[in-house]
$ cat target-v3.csv   # CSV, C-alpha atoms
chain,number,residue,atom,x,y,z
A,101,MET,CA,37.4,49.5,-0.6
A,102,ALA,CA,35.1,49.1,2.4
A,103,SER,CA,32.1,50.2,0.4
A,104,PHE,CA,32.9,47.7,-2.3
A,105,PHE,CA,33.2,44.8,0.2
A,106,LYS,CA,29.8,45.8,1.7
A,107,ALA,CA,28.2,45.9,-1.8
A,108,PHE,CA,29.7,42.5,-2.6
A,109,MET,CA,28.4,40.9,0.6
A,110,TYR,CA,24.9,42.4,0.0
A,111,ILE,CA,24.8,40.9,-3.5
A,112,PHE,CA,26.1,37.6,-2.2
A,113,ARG,CA,23.5,37.4,0.5
A,114,LEU,CA,20.8,38.3,-1.9
A,115,PHE,CA,21.7,35.6,-4.4
A,116,SER,CA,22.1,33.1,-1.5
A,117,SER,CA,18.5,33.9,-0.4
A,118,LEU,CA,17.1,33.6,-3.9
A,119,PHE,CA,18.9,30.3,-4.4
A,120,THR,CA,17.5,28.9,-1.1
A,121,ILE,CA,13.9,30.1,-2.0
A,122,ALA,CA,14.3,28.4,-5.4
A,123,LEU,CA,15.3,25.1,-3.8
A,124,LEU,CA,12.4,25.2,-1.3
A,125,PHE,CA,10.0,26.0,-4.1
A,126,THR,CA,11.3,23.1,-6.2
A,127,ALA,CA,11.1,20.7,-3.3
A,128,CYS,CA,7.5,21.7,-2.6
A,129,THR,CA,6.3,21.5,-6.2
A,130,LYS,CA,8.2,18.4,-7.2
A,131,LYS,CA,5.7,15.7,-8.2
A,132,HIS,CA,5.7,12.6,-5.9
A,133,ILE,CA,6.5,9.5,-8.0
A,134,GLU,CA,5.1,6.1,-7.1
A,135,LYS,CA,7.5,3.2,-7.0
A,136,TRP,CA,6.6,0.3,-9.2
A,137,ASP,CA,8.6,-3.0,-9.0
A,138,THR,CA,8.6,-6.2,-11.1
A,139,ILE,CA,6.8,-9.2,-9.7
A,140,LYS,CA,8.3,-12.7,-9.3
A,141,VAL,CA,6.3,-15.6,-10.7
A,142,ASN,CA,6.2,-19.0,-9.0
A,143,PRO,CA,3.8,-21.4,-10.8
A,144,ASN,CA,4.0,-23.8,-7.9
A,145,LEU,CA,2.8,-21.3,-5.3
A,146,SER,CA,-0.7,-22.7,-5.1
A,147,LYS,CA,0.8,-26.0,-3.8
A,148,ASP,CA,2.3,-24.4,-0.7
A,149,SER,CA,1.2,-26.2,2.4
A,150,ILE,CA,-0.2,-23.0,3.9
A,151,PHE,CA,-3.1,-23.0,1.5
A,152,THR,CA,-4.0,-26.6,2.6
A,153,LYS,CA,-4.2,-25.2,6.2
A,154,MET,CA,-6.3,-22.3,5.0
A,155,ASP,CA,-8.8,-24.8,3.5
A,156,LYS,CA,-9.5,-25.9,7.0
A,157,GLN,CA,-10.3,-22.4,8.3
A,158,LYS,CA,-13.4,-20.3,7.6
A,159,GLU,CA,-13.1,-16.8,6.2
A,160,PHE,CA,-13.1,-14.0,8.7
A,161,ILE,CA,-16.5,-12.5,8.2
A,162,ILE,CA,-17.6,-9.0,9.4
A,163,PHE,CA,-20.8,-8.6,7.5
A,164,PRO,CA,-23.4,-11.4,8.0
A,165,LYS,CA,-24.7,-11.2,4.4
A,166,PHE,CA,-21.4,-12.6,3.2
A,167,ASP,CA,-21.1,-16.3,2.4
A,168,SER,CA,-20.2,-18.1,5.6
A,169,THR,CA,-18.9,-21.2,3.7
A,170,LEU,CA,-15.9,-19.3,2.3
A,171,LYS,CA,-12.5,-20.6,3.1
A,172,GLN,CA,-9.8,-18.4,4.5
A,173,SER,CA,-8.3,-16.1,1.9
A,174,SER,CA,-5.4,-14.4,3.7
A,175,ARG,CA,-2.6,-15.3,6.0
A,176,VAL,CA,-1.0,-11.9,5.6
A,177,ALA,CA,0.1,-10.3,8.8
A,178,ILE,CA,-0.4,-6.5,8.6
A,179,LEU,CA,1.1,-4.2,11.2
A,180,ILE,CA,0.7,-0.4,11.5
A,181,GLY,CA,3.4,1.6,13.3
A,182,GLU,CA,7.1,1.0,14.1
A,183,LYS,CA,6.6,-0.6,17.5
A,184,HIS,CA,4.3,-3.6,18.2
A,185,SER,CA,3.3,-5.7,21.2
A,186,ARG,CA,2.8,-9.4,21.2
A,187,ALA,CA,-1.0,-8.8,21.0
A,188,ASP,CA,-0.5,-6.8,17.8
A,189,SER,CA,1.4,-9.7,16.2
A,190,LEU,CA,-1.2,-12.3,17.3
A,191,ASN,CA,-4.1,-10.2,15.8
A,192,SER,CA,-2.3,-9.1,12.7
A,193,SER,CA,-3.4,-12.0,10.5
A,194,PHE,CA,-7.1,-11.2,10.7
A,195,SER,CA,-7.6,-10.1,7.1
A,196,THR,CA,-9.4,-11.1,3.9
A,197,CYS,CA,-8.3,-10.9,0.3
A,198,LYS,CA,-10.2,-9.9,-2.8
A,199,ALA,CA,-8.9,-9.3,-6.3
A,200,TYR,CA,-10.7,-7.4,-9.0
A,201,PHE,CA,-10.0,-5.1,-12.0
A,202,HIS,CA,-9.9,-1.5,-10.9
A,203,LYS,CA,-9.5,-0.5,-14.6
A,204,ALA,CA,-9.6,-2.7,-17.7
A,205,ASP,CA,-5.8,-3.2,-17.5
A,206,THR,CA,-5.0,-2.9,-13.8
A,207,LEU,CA,-5.7,-5.6,-11.2
A,208,ASN,CA,-6.3,-4.5,-7.6
A,209,ILE,CA,-5.5,-6.9,-4.8
A,210,HIS,CA,-7.1,-5.7,-1.6
A,211,ILE,CA,-6.0,-7.3,1.7
A,212,GLY,CA,-7.4,-6.1,5.0
A,213,LEU,CA,-10.5,-5.8,7.2
A,214,ASP,CA,-13.2,-3.2,6.4
A,215,GLY,CA,-16.2,-2.6,8.6
A,216,PRO,CA,-19.0,0.0,9.1
A,217,PHE,CA,-16.9,2.0,11.6
A,218,GLY,CA,-13.4,1.7,10.1
A,219,GLY,CA,-10.8,-0.5,8.5
A,220,SER,CA,-7.2,-1.0,7.6
A,221,GLY,CA,-5.1,-3.1,5.3
A,222,ILE,CA,-3.1,-2.9,2.1
A,223,ASP,CA,-3.8,-2.3,-1.6
A,224,ILE,CA,-1.7,-3.8,-4.4
A,225,SER,CA,-2.0,-2.4,-7.9
A,226,TYR,CA,-0.7,-4.7,-10.6
A,227,HIS,CA,-0.2,-3.8,-14.3
A,228,ASN,CA,2.1,-5.3,-17.0
A,229,ASN,CA,4.3,-7.3,-14.5
A,230,LYS,CA,4.7,-4.2,-12.3
A,231,PHE,CA,3.2,-3.5,-8.9
A,232,ASN,CA,2.8,-0.9,-6.3
A,233,THR,CA,1.7,-1.3,-2.7
A,234,LYS,CA,0.0,1.2,-0.3
A,235,GLY,CA,-1.2,0.9,3.3
A,236,TYR,CA,-4.5,2.4,4.4
A,237,GLN,CA,-6.6,2.9,7.5
A,238,TYR,CA,-9.8,4.9,8.1
A,239,SER,CA,-12.6,5.4,10.6
A,240,ASP,CA,-16.0,6.9,10.8
A,241,VAL,CA,-14.6,9.9,12.5
A,242,VAL,CA,-14.4,12.8,10.0
A,243,PRO,CA,-11.2,14.8,10.4
A,244,SER,CA,-11.4,18.6,10.7
A,245,GLY,CA,-9.3,21.2,9.0
A,246,LYS,CA,-7.7,21.2,5.6
A,247,LEU,CA,-7.0,17.7,4.2
A,248,GLU,CA,-4.1,16.8,1.9
A,249,LYS,CA,-3.7,14.1,-0.7
A,250,PRO,CA,-1.9,11.1,1.0
A,251,LEU,CA,1.6,10.4,-0.2
A,252,HIS,CA,3.3,7.0,0.1
A,253,TRP,CA,7.0,6.0,0.1
A,254,VAL,CA,8.1,2.4,-0.4
A,255,ILE,CA,10.8,1.2,1.9
A,256,HIS,CA,10.8,-2.3,0.4
A,257,GLN,CA,8.3,-4.4,-1.5
A,258,GLN,CA,8.2,-7.9,-2.9
A,259,LEU,CA,5.3,-9.6,-4.7
A,260,VAL,CA,5.2,-13.2,-5.8
A,261,LEU,CA,2.2,-14.4,-7.9
A,262,ASP,CA,1.5,-17.9,-9.4
A,263,LYS,CA,1.3,-16.4,-12.9
A,264,ALA,CA,2.0,-13.2,-14.8
A,265,SER,CA,-1.5,-12.5,-16.1
A,266,TYR,CA,-5.1,-13.1,-15.0
A,267,LYS,CA,-8.6,-12.9,-16.4
A,268,ILE,CA,-12.0,-12.7,-14.7
A,269,GLY,CA,-12.7,-16.0,-12.9
A,270,ASP,CA,-9.1,-17.1,-12.4
A,271,SER,CA,-7.8,-18.2,-9.1
A,272,LEU,CA,-4.9,-16.1,-7.8
A,273,TYR,CA,-2.3,-17.1,-5.3
A,274,GLY,CA,0.3,-14.7,-4.0
A,275,TYR,CA,2.9,-13.7,-1.4
A,276,ILE,CA,3.6,-10.2,-0.3
A,277,ASP,CA,6.4,-8.7,1.8
A,278,PHE,CA,6.5,-4.9,2.1
A,279,LYS,CA,7.0,-1.9,4.2
A,280,VAL,CA,5.8,1.6,3.3
A,281,LYS,CA,5.6,5.0,4.9
A,282,GLU,CA,2.6,7.2,4.4
A,283,ARG,CA,1.9,10.9,5.0
A,284,ASN,CA,-1.9,10.8,5.4
A,285,GLU,CA,-4.5,13.5,4.7
A,286,ILE,CA,-4.1,15.2,8.1
A,287,GLY,CA,-0.3,15.3,7.9
A,288,ASP,CA,0.6,12.3,10.2
A,289,THR,CA,3.3,9.9,9.2
A,290,VAL,CA,2.2,6.2,9.4
A,291,VAL,CA,4.4,3.1,8.7
A,292,TYR,CA,2.7,-0.1,7.3
A,293,SER,CA,4.3,-3.5,7.0
A,294,ALA,CA,2.9,-6.8,5.8
A,295,GLN,CA,4.1,-10.3,5.1
A,296,GLY,CA,2.3,-13.5,4.2
A,297,LYS,CA,0.4,-15.5,1.6
A,298,PHE,CA,-3.1,-14.9,0.1
A,299,ARG,CA,-5.5,-16.1,-2.5
A,300,ALA,CA,-8.6,-14.9,-4.3
A,301,LYS,CA,-10.9,-15.4,-7.2
A,302,VAL,CA,-10.4,-12.6,-9.7
A,303,LEU,CA,-13.6,-10.6,-10.1
A,304,LYS,CA,-14.7,-7.9,-12.6
A,305,TYR,CA,-15.6,-5.4,-10.0
A,306,ASP,CA,-15.0,-4.6,-6.3
A,307,PRO,CA,-17.6,-6.9,-4.6
A,308,ASN,CA,-18.4,-4.3,-2.0
A,309,TYR,CA,-19.8,-1.8,-4.6
$ encode --input "target-v3.csv" --output "structure tokens"
Amino acid sequence: MASFFKAFMYIFRLFSSLFTIALLFTACTKKHIEKWDTIKVNPNLSKDSIFTKMDKQKEFIIFPKFDSTLKQSSRVAILIGEKHSRADSLNSSFSTCKAYFHKADTLNIHIGLDGPFGGSGIDISYHNNKFNTKGYQYSDVVPSGKLEKPLHWVIHQQLVLDKASYKIGDSLYGYIDFKVKERNEIGDTVVYSAQGKFRAKVLKYDPNY
């Protein structure tokens, strides 16, 4: 009887170990799925008073070659991390917006600041009334060691546009409110949040390339 009990416990532990290994393997190999949500359309968004105020402000320019007569394109406050100081909040709205077709059927809305030594902001991908948001930051410091593909988890995201579809040359007006968590290429977890209104002229290509 004692030998039977020992044999039973051995088999039980063996199957428990195999089951645990199978669960871990499944979790590690499960494909990360991006979250795409439906936009809201507000055809009167361009009449919001914030855009009248933006007409009185010049675009935030980093590169001198850019047109200095451009009007402010973004009032989106972008914050990185969970805790922020008052200075973080005051500086969070220094961003610009551009919109261009990343692919023939996917519109990319890029909001942030990008310079020769680094940058940060958000990227919105829009396709067939659905959208996905990601935060980003980079610097001219090249990380060492093995790099992983960044993964993003949406905590919440809301996008309002002035219409459902755009073509090259159209004016685009929008509002974004989102919070996402990223595991970046070196394995660090970063939280991005953003809220505010923006506008852009839809271009065929990314103007920086």
$ residues_near_point --input "target-v3.csv" --point "(-8.4, -7.2, -11.8)" --cutoff "8 Å" --atoms "only C-alpha atoms" --output "list in words"
Ala199, Tyr200, Phe201, His202, Lys203, Ala204, Asp205, Thr206, Leu207, Asn208, Ile209, Tyr266, Lys267, Ile268, Val302, Leu303, Lys304 and Tyr305 of chain A
$ closest_residue --input "target-v3.csv" --among "A:Ala300, A:Asp214, A:Lys230, A:Pro307" --to "Gln172 of chain A" --atoms "all atoms listed in the file"
A:Ala300
$ atom_distance --input "target-v3.csv" --atom1 "atom CA of Val260 of chain A" --atom2 "atom CA of Asp277 of chain A"
8.9 Å
$ closest_residue --input "target-v3.csv" --among "A:Asp306, A:Glu134, A:Asp148, A:Glu159" --to "Ser195 of chain A" --atoms "all atoms listed in the file"
A:Glu159
$ residues_around --input "target-v3.csv" --residues "Asp155 of chain A" --least-positions-apart "5" --cutoff "10 Å" --atoms "only C-alpha atoms" --output "MDAnalysis selection string"
chainID A and resid 150 170:173
$ closest_residue --input "target-v3.csv" --among "A:His256, A:Lys249, A:Arg299, A:Lys198" --to "Leu272 of chain A" --atoms "only C-alpha atoms"
A:Arg299
$ atom_distance --input "target-v3.csv" --atom1 "atom CA of Phe231 of chain A" --atom2 "atom CA of Ile211 of chain A"
14.5 Å
$ closest_residue --input "target-v3.csv" --among "A:Ala177, A:Ile139, A:Leu145, A:Met154" --to "Gly296 of chain A" --atoms "only C-alpha atoms"
A:Ala177
$ residues_around --input "target-v3.csv" --residues "Glu285 of chain A" --least-positions-apart "3" --cutoff "8 Å" --atoms "only C-alpha atoms" --output "list in words"
Leu247, Glu248, Lys249, Pro250 and Asp288 of chain A
$ closest_residue --input "target-v3.csv" --among "A:Ile276, A:Leu251, A:Leu259, A:Ile180" --to "Gln237 of chain A" --atoms "only C-alpha atoms"
A:Ile180
$ atom_distance --input "target-v3.csv" --atom1 "atom CA of Val291 of chain A" --atom2 "atom CA of Leu261 of chain A"
24.2 Å
